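Structure file run.cif (mmCIF, C-alpha atoms) is printed below.
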```
data_model
loop_
_atom_site.label_atom_id
_atom_site.label_comp_id
_atom_site.auth_asym_id
_atom_site.auth_seq_id
_atom_site.Cartn_x
_atom_site.Cartn_y
_atom_site.Cartn_z
CA MET A 1 81.43 87.94 137.99
CA THR A 2 77.78 88.71 138.62
CA THR A 3 75.98 87.71 141.79
CA GLN A 4 74.22 84.94 139.85
CA GLN A 5 77.51 83.60 138.49
CA ILE A 6 79.13 83.63 141.94
CA ALA A 7 76.07 81.95 143.46
CA ASP A 8 76.00 79.25 140.79
CA GLU A 9 79.72 78.56 141.16
CA LEU A 10 79.52 78.42 144.96
CA VAL A 11 76.67 75.89 144.81
CA LYS A 12 78.48 73.83 142.17
CA LEU A 13 81.65 73.64 144.28
CA CYS A 14 79.78 72.89 147.52
CA GLN A 15 77.75 70.13 145.88
CA VAL A 16 80.99 68.24 145.24
CA GLY A 17 82.45 68.99 148.66
CA LYS A 18 84.90 71.70 147.56
CA PHE A 19 84.00 74.17 150.29
CA HIS A 20 87.57 75.47 150.72
CA ASP A 21 87.91 75.99 146.97
CA ALA A 22 84.72 78.08 147.03
CA ILE A 23 86.12 80.23 149.83
CA LYS A 24 89.54 80.66 148.22
CA THR A 25 88.20 81.61 144.78
CA LEU A 26 84.94 83.44 145.46
CA TYR A 27 85.44 85.27 148.78
CA SER A 28 86.87 88.72 149.40
CA PRO A 29 90.03 88.89 151.52
CA ASP A 30 87.91 91.03 153.89
CA ILE A 31 85.05 88.49 154.19
CA VAL A 32 82.88 88.62 157.30
CA SER A 33 81.31 85.31 158.34
CA VAL A 34 78.62 85.20 161.04
CA GLU A 35 77.37 81.99 162.68
CA ALA A 36 74.01 81.58 164.38
CA GLY A 37 75.93 80.43 167.45
CA ALA A 38 79.57 80.59 168.43
CA PRO A 39 81.63 77.43 167.93
CA PRO A 40 83.24 76.20 171.18
CA GLY A 41 85.94 78.63 172.24
CA ALA A 42 85.30 81.01 169.35
CA ASP A 43 83.29 84.08 168.42
CA ARG A 44 80.16 84.09 166.25
CA GLU A 45 81.95 86.36 163.79
CA ALA A 46 85.07 85.58 161.79
CA LYS A 47 86.77 88.37 159.83
CA GLY A 48 89.16 87.84 156.95
CA LEU A 49 89.92 84.95 154.64
CA ASP A 50 92.36 83.22 157.00
CA ALA A 51 89.84 83.28 159.88
CA VAL A 52 87.08 81.88 157.68
CA LEU A 53 89.35 79.10 156.38
CA ALA A 54 90.37 78.27 159.96
CA LYS A 55 86.70 78.10 160.98
CA GLY A 56 86.10 75.70 158.09
CA ASP A 57 89.05 73.57 159.18
CA TRP A 58 87.62 73.38 162.72
CA TRP A 59 84.26 72.23 161.33
CA VAL A 60 85.82 69.54 159.13
CA ASN A 61 88.04 68.28 161.95
CA ASN A 62 85.14 68.06 164.41
CA HIS A 63 82.39 66.55 162.24
CA GLU A 64 81.94 63.34 160.31
CA VAL A 65 79.59 63.93 157.38
CA HIS A 66 77.50 60.88 156.52
CA SER A 67 75.51 62.60 153.78
CA GLY A 68 74.49 66.04 152.69
CA SER A 69 72.71 68.15 150.15
CA VAL A 70 73.11 71.66 148.77
CA GLU A 71 70.08 73.45 147.31
CA GLY A 72 69.92 76.75 145.49
CA PRO A 73 70.89 79.37 144.85
CA LEU A 74 68.07 81.87 145.27
CA VAL A 75 69.37 85.25 144.08
CA ALA A 76 67.97 88.70 144.88
CA GLY A 77 70.03 91.72 143.91
CA ASN A 78 73.49 91.40 145.43
CA HIS A 79 72.42 88.66 147.88
CA PHE A 80 71.78 84.96 147.51
CA CYS A 81 70.73 82.07 149.74
CA VAL A 82 71.71 78.42 149.78
CA LYS A 83 70.20 75.60 151.85
CA PHE A 84 72.50 72.95 153.30
CA VAL A 85 71.32 69.73 154.97
CA PHE A 86 73.89 67.47 156.61
CA ASP A 87 73.63 64.16 158.43
CA ILE A 88 76.63 64.53 160.74
CA THR A 89 78.30 63.21 163.85
CA PHE A 90 79.97 65.69 166.20
CA LYS A 91 83.21 63.80 166.84
CA PRO A 92 83.97 65.08 170.36
CA THR A 93 80.67 63.71 171.74
CA GLY A 94 79.75 61.05 169.19
CA ARG A 95 76.31 62.67 168.82
CA ARG A 96 74.74 62.13 165.39
CA TYR A 97 72.09 64.50 164.09
CA THR A 98 70.70 66.27 161.03
CA MET A 99 71.70 69.88 160.59
CA GLN A 100 69.63 72.15 158.36
CA GLU A 101 71.30 75.42 157.51
CA LEU A 102 70.33 78.45 155.47
CA ALA A 103 73.27 80.56 154.33
CA MET A 104 72.80 84.12 153.08
CA TYR A 105 75.64 85.66 151.09
CA GLN A 106 76.31 89.27 150.08
CA VAL A 107 78.33 90.09 146.97
CA ALA A 108 80.25 93.29 146.20
CA GLU A 109 82.78 93.97 143.45
CA GLY A 110 82.62 90.38 142.20
CA LYS A 111 83.36 88.67 145.54
CA VAL A 112 81.43 87.34 148.52
CA VAL A 113 81.93 89.94 151.26
CA ARG A 114 79.58 88.56 153.94
CA GLU A 115 77.96 85.28 154.84
CA ASP A 116 75.38 84.69 157.57
CA PHE A 117 74.38 81.21 158.71
CA PHE A 118 71.02 80.31 160.21
CA TYR A 119 70.46 76.75 161.42
CA SER A 120 68.98 74.38 163.86
CA ALA A 121 70.81 71.29 165.00
CA GLY A 122 69.40 68.30 166.72
#
```
Target format structure tokens, applied to this file:
Amino acid sequence: MTTQQIADELVKLCQVGKFHDAIKTLYSPDIVSVEAGAPPGADREAKGLDAVLAKGDWWVNNHEVHSGSVEGPLVAGNHFCVKFVFDITFKPTGRRYTMQELAMYQVAEGKVVREDFFYSAG
């Protein structure tokens, strides 16, 4: 798949809430995922498909999503960006806020090999 095809498919899956399906089908087994900040008790960087899926599970288990949007992709060479906006509640504290996130993805050999997340929350 080309970078454009991967980007389009990732956005399509995320728009219908199939984030895990996107990871399982489009990501390299050696994916590197980097957060803007470390989740509680974790590192900013997750390496490998299992670690990225576990990070996604943590997010789902700790957040209630009231609404969200997925915009993009914007493709340049072997990179693409997607904008996510979520109205969420962090379950452990009950704090509700809007999270805006820009995700930048790198593609090599037909798979996403790196993702970097940039966001502000609050």
Which neighbours of Gln5 of chain A fall inside 12 Å, counting only C-alpha atoms, when residues of the same chain fewer than 6 positions from it are skipped, and could you give them as an mmCIF file with C-alpha atoms, in the coordinates of the input?
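Final output, saved to selection-v7.cif:
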```
data_model
loop_
_atom_site.group_PDB
_atom_site.id
_atom_site.type_symbol
_atom_site.label_atom_id
_atom_site.label_comp_id
_atom_site.auth_asym_id
_atom_site.auth_seq_id
_atom_site.Cartn_x
_atom_site.Cartn_y
_atom_site.Cartn_z
ATOM 1 C CA VAL A 11 76.670 75.890 144.810
ATOM 2 C CA LYS A 12 78.480 73.830 142.170
ATOM 3 C CA LEU A 26 84.940 83.440 145.460
ATOM 4 C CA PRO A 73 70.890 79.370 144.850
ATOM 5 C CA LEU A 74 68.070 81.870 145.270
ATOM 6 C CA VAL A 75 69.370 85.250 144.080
ATOM 7 C CA ASN A 78 73.490 91.400 145.430
ATOM 8 C CA HIS A 79 72.420 88.660 147.880
ATOM 9 C CA PHE A 80 71.780 84.960 147.510
ATOM 10 C CA VAL A 107 78.330 90.090 146.970
ATOM 11 C CA GLY A 110 82.620 90.380 142.200
ATOM 12 C CA LYS A 111 83.360 88.670 145.540
ATOM 13 C CA VAL A 112 81.430 87.340 148.520
#
```
> On this structure, which residues satisfy the PyMOL selection byres ((chain A and resi 63) around 6), written as a list in words?
Replying inline: Val60, Asn61, Asn62, Glu64, Thr89, Phe90 and Lys91 of chain A
>> Applying 10 Å and only C-alpha atoms, which residues near Glu9 of chain A remain after dropping the ones on its own chain fewer than 4 positions away? List them as a count of residues only.
In response: 10
>> For Tyr119 of chain A, find every residue with an atom within 9 Å (counting only C-alpha atoms), except residues of its own chain fewer than 5 positions away, and show them as JSON, numbers by chain.
In response: {"A": [35, 36, 37, 99, 100, 101, 102, 103]}
> To one decimal place, how far is atom CA of Tyr27 of chain A from atom CA of Leu49 of chain A in Å?
Replying inline: 7.4 Å
> Using only C-alpha atoms, which of the listed residues (A:Glu71, A:Asp57, A:Glu45, A:Glu109) sits closest to Phe19 of chain A?
Replying inline: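 Answer, going by the shortest atom-to-atom distance: A:Asp57.
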> Between A:Thr2, A:His20, A:Ala76, A:Cys81, which is the closest to Trp59 of chain A once you count all atoms listed in the file?
Replying inline: A:His20
>> I'd like the interatomic distance between atom CA of Ile6 of chain A and atom CA of Ile88 of chain A, to a tenth of an Å.
In response: 26.9 Å
> Can you tell me how far atom CA of Gly41 of chain A sits from atom CA of Val113 of chain A, in Å to one decimal?
Replying inline: 24.2 Å
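Within a radius of 7 Å around (74.8, 83.6, 156.2), the polymer residues are Val34, Leu102, Ala103, Met104, Tyr105, Glu115, Asp116, Phe117 and Phe118 of chain A, counting only C-alpha atoms.
Distance check against Gly77 of chain A using only C-alpha atoms: of A:Ile31, A:Ala46, A:Ala108, A:Ile23, the minimum falls on A:Ala108.
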>> Evaluated on this file, the PyMOL selection byres ((chain A and resi 51) around 12) picks out some residues - which ones are they, written as a list in words?
In response: Ile23, Lys24, Pro29, Asp30, Ile31, Val32, Ser33, Val34, Ala42, Asp43, Arg44, Glu45, Ala46, Lys47, Gly48, Leu49, Asp50, Val52, Leu53, Ala54, Lys55, Gly56, Asp57 and Trp58 of chain A
